[in-house]
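S.K.: Coordinates in protein.cif, mmCIF, C-alpha atoms, pLDDT in the B column; chains and numbers go by the auth columns, are listed below.
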data_query
loop_
_atom_site.group_PDB
_atom_site.id
_atom_site.type_symbol
_atom_site.label_atom_id
_atom_site.label_comp_id
_atom_site.label_asym_id
_atom_site.label_seq_id
_atom_site.Cartn_x
_atom_site.Cartn_y
_atom_site.Cartn_z
_atom_site.B_iso_or_equiv
_atom_site.auth_seq_id
_atom_site.auth_asym_id
ATOM 1 C CA MET A 1 0.000 0.000 0.000 47.00 179 A
ATOM 2 C CA THR A 2 1.401 3.404 -0.934 65.00 180 A
ATOM 3 C CA GLN A 3 2.457 5.719 1.867 89.00 181 A
ATOM 4 C CA PHE A 4 1.207 8.700 -0.103 96.00 182 A
ATOM 5 C CA LYS A 5 -2.044 10.457 0.709 97.00 183 A
ATOM 6 C CA ASN A 6 -1.495 13.661 -1.257 98.00 184 A
ATOM 7 C CA ILE A 7 -0.603 14.031 -4.924 98.00 185 A
ATOM 8 C CA VAL A 8 0.782 17.445 -5.878 98.00 186 A
ATOM 9 C CA PHE A 9 0.799 18.461 -9.524 99.00 187 A
ATOM 10 C CA ASP A 10 2.639 21.068 -11.485 98.00 188 A
ATOM 11 C CA LEU A 11 0.426 22.361 -14.301 98.00 189 A
ATOM 12 C CA GLY A 12 2.359 23.273 -17.455 97.00 190 A
ATOM 13 C CA GLY A 13 3.774 20.197 -19.165 97.00 191 A
ATOM 14 C CA VAL A 14 2.081 17.870 -16.666 98.00 192 A
ATOM 15 C CA VAL A 15 -1.655 18.644 -16.528 98.00 193 A
ATOM 16 C CA VAL A 16 -1.948 21.057 -19.448 98.00 194 A
ATOM 17 C CA ALA A 17 0.057 21.654 -22.616 97.00 195 A
ATOM 18 C CA ARG A 18 -0.159 22.956 -26.155 95.00 196 A
ATOM 19 C CA ASP A 19 -0.392 20.348 -28.883 94.00 197 A
ATOM 20 C CA PRO A 20 2.768 20.923 -30.971 91.00 198 A
ATOM 21 C CA ARG A 21 0.846 19.824 -34.057 92.00 199 A
ATOM 22 C CA LYS A 22 -1.351 22.916 -33.706 94.00 200 A
ATOM 23 C CA VAL A 23 1.489 25.458 -33.765 94.00 201 A
ATOM 24 C CA SER A 24 4.352 26.295 -36.087 95.00 202 A
ATOM 25 C CA ALA A 25 8.007 25.506 -35.548 95.00 203 A
ATOM 26 C CA GLU A 26 8.556 29.279 -35.301 96.00 204 A
ATOM 27 C CA PHE A 27 6.029 29.476 -32.466 96.00 205 A
ATOM 28 C CA GLN A 28 7.759 26.667 -30.584 95.00 206 A
ATOM 29 C CA GLU A 29 11.141 28.307 -31.030 95.00 207 A
ATOM 30 C CA PHE A 30 9.710 31.635 -29.836 97.00 208 A
ATOM 31 C CA PHE A 31 8.900 30.099 -26.435 96.00 209 A
ATOM 32 C CA SER A 32 11.935 27.832 -26.179 95.00 210 A
ATOM 33 C CA PHE A 33 13.264 30.005 -23.346 94.00 211 A
ATOM 34 C CA ILE A 34 10.698 28.533 -20.918 92.00 212 A
ATOM 35 C CA TYR A 35 12.633 25.247 -20.905 91.00 213 A
ATOM 36 C CA GLN A 36 15.880 26.860 -19.782 91.00 214 A
ATOM 37 C CA ILE A 37 17.252 26.024 -16.341 89.00 215 A
ATOM 38 C CA PRO A 38 17.190 28.331 -14.583 90.00 216 A
ATOM 39 C CA MET A 39 14.139 30.047 -16.041 91.00 217 A
ATOM 40 C CA PRO A 40 14.920 33.477 -17.549 94.00 218 A
ATOM 41 C CA HIS A 41 14.445 36.192 -14.952 95.00 219 A
ATOM 42 C CA PHE A 42 11.829 38.117 -16.943 96.00 220 A
ATOM 43 C CA TRP A 43 9.519 35.072 -17.180 97.00 221 A
ATOM 44 C CA GLU A 44 10.136 34.103 -13.568 97.00 222 A
ATOM 45 C CA GLU A 45 9.005 37.565 -12.462 97.00 223 A
ATOM 46 C CA TYR A 46 5.911 37.253 -14.661 98.00 224 A
ATOM 47 C CA ASP A 47 5.098 33.950 -12.944 98.00 225 A
ATOM 48 C CA ARG A 48 5.830 35.575 -9.585 98.00 226 A
ATOM 49 C CA GLY A 49 3.200 38.197 -10.268 98.00 227 A
ATOM 50 C CA THR A 50 5.636 41.081 -9.958 97.00 228 A
ATOM 51 C CA SER A 51 5.727 41.846 -13.708 97.00 229 A
ATOM 52 C CA SER A 52 2.635 42.569 -15.759 97.00 230 A
ATOM 53 C CA LEU A 53 1.807 41.044 -19.120 97.00 231 A
ATOM 54 C CA GLU A 54 2.722 44.300 -20.866 97.00 232 A
ATOM 55 C CA GLU A 55 6.039 44.452 -19.032 97.00 233 A
ATOM 56 C CA VAL A 56 6.935 40.882 -19.925 97.00 234 A
ATOM 57 C CA LYS A 57 6.133 41.609 -23.560 97.00 235 A
ATOM 58 C CA ASP A 58 8.826 44.317 -23.474 96.00 236 A
ATOM 59 C CA TYR A 59 11.396 41.763 -22.329 96.00 237 A
ATOM 60 C CA ILE A 60 10.302 39.107 -24.808 97.00 238 A
ATOM 61 C CA CYS A 61 10.459 41.540 -27.735 97.00 239 A
ATOM 62 C CA GLU A 62 14.017 42.369 -26.760 95.00 240 A
ATOM 63 C CA HIS A 63 14.942 38.743 -26.029 94.00 241 A
ATOM 64 C CA ASN A 64 13.508 37.432 -29.313 95.00 242 A
ATOM 65 C CA ASN A 65 14.174 40.560 -31.373 96.00 243 A
ATOM 66 C CA CYS A 66 10.571 40.628 -32.557 95.00 244 A
ATOM 67 C CA SER A 67 7.736 43.088 -33.018 97.00 245 A
ATOM 68 C CA ARG A 68 5.222 43.891 -30.325 97.00 246 A
ATOM 69 C CA GLU A 69 2.437 42.732 -32.622 97.00 247 A
ATOM 70 C CA LEU A 70 3.975 39.285 -33.098 97.00 248 A
ATOM 71 C CA CYS A 71 4.699 38.953 -29.390 98.00 249 A
ATOM 72 C CA SER A 72 1.106 39.825 -28.457 98.00 250 A
ATOM 73 C CA GLU A 73 -0.256 37.393 -31.027 97.00 251 A
ATOM 74 C CA TYR A 74 1.945 34.537 -29.838 97.00 252 A
ATOM 75 C CA ILE A 75 1.177 35.060 -26.156 97.00 253 A
ATOM 76 C CA ALA A 76 -2.557 35.146 -26.846 97.00 254 A
ATOM 77 C CA THR A 77 -2.165 31.910 -28.804 97.00 255 A
ATOM 78 C CA ALA A 78 -0.084 30.352 -26.026 97.00 256 A
ATOM 79 C CA ILE A 79 -2.875 31.036 -23.547 97.00 257 A
ATOM 80 C CA ASP A 80 -5.758 29.954 -25.758 97.00 258 A
ATOM 81 C CA LEU A 81 -4.188 26.689 -26.927 97.00 259 A
ATOM 82 C CA GLN A 82 -3.632 25.302 -23.436 97.00 260 A
ATOM 83 C CA GLU A 83 -5.500 22.019 -23.198 98.00 261 A
ATOM 84 C CA GLU A 84 -5.765 19.096 -20.848 98.00 262 A
ATOM 85 C CA ILE A 85 -3.206 16.327 -21.321 98.00 263 A
ATOM 86 C CA ALA A 86 -5.496 13.334 -21.815 98.00 264 A
ATOM 87 C CA PRO A 87 -3.444 10.674 -19.953 98.00 265 A
ATOM 88 C CA THR A 88 -2.945 13.024 -16.996 98.00 266 A
ATOM 89 C CA LYS A 89 -6.615 13.929 -16.862 98.00 267 A
ATOM 90 C CA ALA A 90 -7.541 10.243 -16.788 98.00 268 A
ATOM 91 C CA LEU A 91 -4.960 9.593 -14.051 98.00 269 A
ATOM 92 C CA ILE A 92 -6.232 12.511 -11.963 98.00 270 A
ATOM 93 C CA GLU A 93 -9.791 11.192 -12.169 98.00 271 A
ATOM 94 C CA GLN A 94 -8.628 7.726 -11.084 98.00 272 A
ATOM 95 C CA LEU A 95 -6.616 9.121 -8.185 98.00 273 A
ATOM 96 C CA LYS A 96 -9.581 11.207 -7.079 98.00 274 A
ATOM 97 C CA ALA A 97 -11.851 8.154 -7.165 98.00 275 A
ATOM 98 C CA GLU A 98 -9.334 6.260 -5.012 97.00 276 A
ATOM 99 C CA GLY A 99 -9.550 8.919 -2.305 97.00 277 A
ATOM 100 C CA TYR A 100 -6.265 10.740 -2.758 98.00 278 A
ATOM 101 C CA ARG A 101 -6.132 14.445 -2.006 98.00 279 A
ATOM 102 C CA LEU A 102 -4.972 16.342 -5.078 98.00 280 A
ATOM 103 C CA TYR A 103 -3.195 19.694 -5.107 99.00 281 A
ATOM 104 C CA VAL A 104 -1.739 22.182 -7.565 98.00 282 A
ATOM 105 C CA LEU A 105 1.688 23.697 -6.957 98.00 283 A
ATOM 106 C CA SER A 106 2.563 25.682 -10.046 98.00 284 A
ATOM 107 C CA ASN A 107 4.508 28.583 -11.423 98.00 285 A
ATOM 108 C CA MET A 108 1.876 30.335 -13.478 98.00 286 A
ATOM 109 C CA SER A 109 1.074 33.905 -14.415 98.00 287 A
ATOM 110 C CA ARG A 110 -2.325 35.520 -14.004 98.00 288 A
ATOM 111 C CA GLU A 111 -3.468 35.339 -17.616 98.00 289 A
ATOM 112 C CA PHE A 112 -2.481 31.693 -17.958 98.00 290 A
ATOM 113 C CA ILE A 113 -3.975 30.440 -14.678 98.00 291 A
ATOM 114 C CA ASP A 114 -7.246 32.270 -15.313 98.00 292 A
ATOM 115 C CA PHE A 115 -7.637 30.221 -18.490 98.00 293 A
ATOM 116 C CA ILE A 116 -6.563 26.905 -16.939 98.00 294 A
ATOM 117 C CA ARG A 117 -8.982 27.180 -14.028 98.00 295 A
ATOM 118 C CA ARG A 118 -11.848 27.004 -16.512 98.00 296 A
ATOM 119 C CA LEU A 119 -10.781 23.580 -17.799 98.00 297 A
ATOM 120 C CA PRO A 120 -12.839 20.652 -16.432 98.00 298 A
ATOM 121 C CA VAL A 121 -9.811 18.839 -14.970 98.00 299 A
ATOM 122 C CA TYR A 122 -9.246 21.686 -12.511 98.00 300 A
ATOM 123 C CA ALA A 123 -12.392 20.807 -10.559 98.00 301 A
ATOM 124 C CA ASN A 124 -10.623 17.690 -9.244 98.00 302 A
ATOM 125 C CA PHE A 125 -8.128 19.613 -7.124 98.00 303 A
ATOM 126 C CA ASP A 126 -8.598 20.020 -3.382 98.00 304 A
ATOM 127 C CA GLY A 127 -6.255 22.973 -3.055 98.00 305 A
ATOM 128 C CA GLU A 128 -3.721 25.098 -4.863 98.00 306 A
ATOM 129 C CA VAL A 129 -0.689 27.295 -4.534 98.00 307 A
ATOM 130 C CA VAL A 130 -0.099 29.373 -7.670 98.00 308 A
ATOM 131 C CA SER A 131 3.008 31.523 -7.901 98.00 309 A
ATOM 132 C CA CYS A 132 1.461 34.729 -9.258 98.00 310 A
ATOM 133 C CA GLU A 133 -0.877 34.921 -6.261 98.00 311 A
ATOM 134 C CA GLU A 134 1.800 34.213 -3.656 98.00 312 A
ATOM 135 C CA HIS A 135 4.711 36.189 -5.176 98.00 313 A
ATOM 136 C CA VAL A 136 7.018 33.205 -4.759 98.00 314 A
ATOM 137 C CA VAL A 137 8.121 30.671 -7.374 98.00 315 A
ATOM 138 C CA LYS A 138 9.551 27.187 -7.615 97.00 316 A
ATOM 139 C CA PRO A 139 12.258 26.135 -6.968 97.00 317 A
ATOM 140 C CA GLU A 140 12.288 28.502 -3.959 98.00 318 A
ATOM 141 C CA SER A 141 11.713 26.544 -0.761 98.00 319 A
ATOM 142 C CA GLU A 142 9.062 28.954 0.525 98.00 320 A
ATOM 143 C CA ILE A 143 6.473 27.894 -2.049 98.00 321 A
ATOM 144 C CA PHE A 144 6.674 24.245 -0.964 98.00 322 A
ATOM 145 C CA ARG A 145 6.358 25.151 2.710 98.00 323 A
ATOM 146 C CA LEU A 146 3.412 27.383 1.866 98.00 324 A
ATOM 147 C CA LEU A 147 1.530 24.416 0.409 98.00 325 A
ATOM 148 C CA LEU A 148 2.354 22.220 3.400 98.00 326 A
ATOM 149 C CA ASP A 149 1.296 24.866 5.921 98.00 327 A
ATOM 150 C CA ARG A 150 -1.868 25.946 4.123 98.00 328 A
ATOM 151 C CA TYR A 151 -3.288 22.439 3.889 98.00 329 A
ATOM 152 C CA THR A 152 -1.566 20.890 6.947 98.00 330 A
ATOM 153 C CA LEU A 153 0.283 18.312 4.886 98.00 331 A
ATOM 154 C CA ASP A 154 3.109 15.993 5.901 98.00 332 A
ATOM 155 C CA PRO A 155 5.702 16.067 3.090 98.00 333 A
ATOM 156 C CA ALA A 156 6.446 12.372 3.699 97.00 334 A
ATOM 157 C CA GLU A 157 2.866 11.665 2.596 98.00 335 A
ATOM 158 C CA CYS A 158 3.159 13.808 -0.561 98.00 336 A
ATOM 159 C CA ILE A 159 4.374 12.971 -4.034 98.00 337 A
ATOM 160 C CA PHE A 160 5.221 16.000 -6.168 98.00 338 A
ATOM 161 C CA ILE A 161 4.985 15.680 -9.964 98.00 339 A
ATOM 162 C CA ASP A 162 6.814 18.171 -12.178 98.00 340 A
ATOM 163 C CA ASP A 163 8.508 18.217 -15.578 97.00 341 A
ATOM 164 C CA ARG A 164 11.476 20.312 -14.396 97.00 342 A
ATOM 165 C CA ILE A 165 14.249 18.525 -12.545 96.00 343 A
ATOM 166 C CA ASP A 166 15.266 21.647 -10.605 96.00 344 A
ATOM 167 C CA ASN A 167 11.770 21.799 -9.091 97.00 345 A
ATOM 168 C CA ILE A 168 11.853 18.088 -8.247 98.00 346 A
ATOM 169 C CA GLU A 169 15.163 18.510 -6.465 98.00 347 A
ATOM 170 C CA ALA A 170 13.804 21.481 -4.509 98.00 348 A
ATOM 171 C CA ALA A 171 10.723 19.500 -3.447 98.00 349 A
ATOM 172 C CA GLU A 172 12.862 16.595 -2.289 98.00 350 A
ATOM 173 C CA ARG A 173 14.905 18.964 -0.126 98.00 351 A
ATOM 174 C CA GLU A 174 11.638 19.845 1.615 98.00 352 A
ATOM 175 C CA GLY A 175 10.817 16.181 2.259 98.00 353 A
ATOM 176 C CA PHE A 176 8.506 15.432 -0.674 98.00 354 A
ATOM 177 C CA CYS A 177 8.903 12.399 -2.885 98.00 355 A
ATOM 178 C CA GLY A 178 9.597 13.800 -6.325 98.00 356 A
ATOM 179 C CA PHE A 179 8.483 12.360 -9.651 98.00 357 A
ATOM 180 C CA HIS A 180 10.039 13.727 -12.824 98.00 358 A
ATOM 181 C CA PHE A 181 7.267 13.824 -15.442 98.00 359 A
ATOM 182 C CA ASP A 182 8.317 13.397 -19.074 98.00 360 A
ATOM 183 C CA ARG A 183 6.388 16.110 -20.903 96.00 361 A
ATOM 184 C CA ARG A 184 7.391 14.496 -24.220 95.00 362 A
ATOM 185 C CA ASN A 185 5.826 11.167 -23.245 97.00 363 A
ATOM 186 C CA PRO A 186 2.994 11.829 -20.790 98.00 364 A
ATOM 187 C CA GLN A 187 1.448 8.415 -21.400 98.00 365 A
ATOM 188 C CA ALA A 188 4.545 6.619 -20.129 98.00 366 A
ATOM 189 C CA SER A 189 4.806 8.870 -17.080 98.00 367 A
ATOM 190 C CA CYS A 190 1.149 8.336 -16.230 98.00 368 A
ATOM 191 C CA GLU A 191 1.486 4.568 -16.582 98.00 369 A
ATOM 192 C CA LEU A 192 4.437 4.594 -14.191 98.00 370 A
ATOM 193 C CA LEU A 193 2.494 6.717 -11.710 98.00 371 A
ATOM 194 C CA LYS A 194 -0.390 4.251 -11.887 97.00 372 A
ATOM 195 C CA THR A 195 1.921 1.393 -10.895 96.00 373 A
ATOM 196 C CA MET A 196 3.079 3.464 -7.921 95.00 374 A
ATOM 197 C CA LEU A 197 -0.267 4.776 -6.736 97.00 375 A
ATOM 198 C CA LEU A 198 -3.136 2.590 -7.944 95.00 376 A
#
Mind turning this structure into structure tokens?

M.R.:
Amino acid sequence: MTQFKNIVFDLGGVVVARDPRKVSAEFQEFFSFIYQIPMPHFWEEYDRGTSSLEEVKDYICEHNNCSRELCSEYIATAIDLQEEIAPTKALIEQLKAEGYRLYVLSNMSREFIDFIRRLPVYANFDGEVVSCEEHVVKPESEIFRLLLDRYTLDPAECIFIDDRIDNIEAAEREGFCGFHFDRRNPQASCELLKTMLL
């Protein structure tokens, strides 16, 4: 029997993503900076809620040497094309039915989280800590402690699922069990999680 009672999910790349078949190679290259470790400072501050959308556009235009019009178009597309990752959604529904408590712990900016909260999968979560509302981001230790304190969780009873290894390592330092989710092969990651949890 698993020792875990609480399953903590990152959002981007784990619960939601953009289907690469629906966007151009140029679009994917435009946002390639979000996979850097560490995350570029300008995007981290956007996720932290200390930079506005208009301010982050200034940085992106400079970073990508592009027009404001193109930047605005691509960000709007990036928000609107977020969709549930089917294997993860199915896993979440199974975990919920088995009685696990499910939580969100995500770096996410205001415009992006407002969209994601309207997706049906989001109704399965019992609690959330979202960076733009707390002004703290992963992999900073404070955001993990915030989740534990807010919902009175024991980290030894929590598994944290994220697609970024730096965030997994940070969670493990706080006592969580970390699971590195392969955003390129969500089906395989979900199957492995099923063997661990169901």

S.K.: Please, which residues are within 8 Å of (-1.4, 16.1, -23.1) by the file's coordinates, counting all atoms listed in the file, and could they come as an NGL selection string?

M.R.: :A and (191-197 or 261-266 or 364)

S.K.: What is the distance between CA of Ser309 (chain A) and CA of Ala366 (chain A), in Å to one decimal?

M.R.: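 Those two atoms sit 27.8 Å apart.
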
S.K.: Just give me the gap between CA of Lys200 (chain A) and CA of Tyr252 (chain A) in Å, one decimal is fine.

M.R.: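 For CA of Lys200 (chain A) relative to CA of Tyr252 (chain A), the distance reads 12.7 Å.
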
S.K.: With distances taken over only C-alpha atoms, which of A:Ala334, A:Ile291, A:Val308, A:Leu370 is nearest to Arg351 (chain A)?

M.R.: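 Using only C-alpha atoms, Arg351 (chain A) sits closest to A:Ala334.
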
S.K.: Calculate how many Å separate CA of Glu352 (chain A) from CA of Glu306 (chain A), rounding to one decimal.

M.R.: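 Here the two named atoms are 17.5 Å from each other.
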
S.K.: Would you pick out the contacts of region 255-260 of chain A at 12 Å or less, using only C-alpha atoms, so that residues sharing its chain but fewer than 3 positions from it are not included, and give the list as an MDAnalysis selection string?

M.R.: chainID A and resid 189:202 205:206 208:209 231 248:252 263 286:297

S.K.: Leaving out Gly227 (chain A) and any residue of its chain fewer than 4 positions from it, which residues lie within 7 Å of it when counting all atoms listed in the file, given as a list in words?

M.R.: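 Listed by chain and then number, they are Glu223, Ser287, Cys310, Glu311 and His313 of chain A.
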
S.K.: Could you tell me, as a VMD selection string, exactly which residues end up selected when the PyMOL selection byres ((chain A and resi 270) around 9) is applied to this structure?

M.R.: chain A and resid 193 265 to 269 271 to 275 280 299 302 to 303

S.K.: Residues within 12 Å of His241 (chain A), please, as number ranges by chain. Count all atoms listed in the file; anything in the same chain fewer than 4 positions from it doesn't count.

M.R.: A: 208-211, 218-221, 234-237, 245-246, 249

S.K.: Which residues fall under the PyMOL selection byres ((chain A and resi 345) around 12) in this file, as a ChimeraX atom specification?

M.R.: /A:187-188,215-217,283-285,315-319,321-322,338-344,346-352,354-359

S.K.: Using all atoms listed in the file, can you tell me which of A:Lys372, A:Arg323, A:Arg361, A:Arg328 comes closest to Glu276 (chain A)?

M.R.: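 Nearest to Glu276 (chain A): A:Lys372.
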
S.K.: Rank A:Ala203, A:Ile212, A:Leu375, A:Ile185 by their smallest atom-to-atom distance to Arg279 (chain A), using all atoms listed in the file, and report the top residue only.

M.R.: A:Ile185

S.K.: Report as lines of an AutoDock Vina configuration file the centre and the edge lengths, in Å to one decimal, of the axis-aligned box holding every listed atom of region 282-293 of chain A, padded by 5 Å on each side.

M.R.:
center_x = -1.6
center_y = 28.9
center_z = -12.7
size_x = 22.1
size_y = 23.3
size_z = 21.5

S.K.: Would you please work out which residue, of A:Asn243, A:Asp327, A:Tyr281, A:Gly353, is nearest to Gly305 (chain A) when using all atoms listed in the file?

M.R.: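 Ranked by minimum distance to Gly305 (chain A), first place goes to A:Tyr281.
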
S.K.: Provide region 317-329 of chain A of the preceding structure as a file containing C-alpha atoms, as a compact mmCIF listing (two decimals), in the first residue's frame.

M.R.:
# COMPACT_ATOMS: atom_id res chain seq x y z
CA PRO A 317 12.26 26.13 -6.97
CA GLU A 318 12.29 28.50 -3.96
CA SER A 319 11.71 26.54 -0.76
CA GLU A 320 9.06 28.95 0.52
CA ILE A 321 6.47 27.89 -2.05
CA PHE A 322 6.67 24.24 -0.96
CA ARG A 323 6.36 25.15 2.71
CA LEU A 324 3.41 27.38 1.87
CA LEU A 325 1.53 24.42 0.41
CA LEU A 326 2.35 22.22 3.40
CA ASP A 327 1.30 24.87 5.92
CA ARG A 328 -1.87 25.95 4.12
CA TYR A 329 -3.29 22.44 3.89
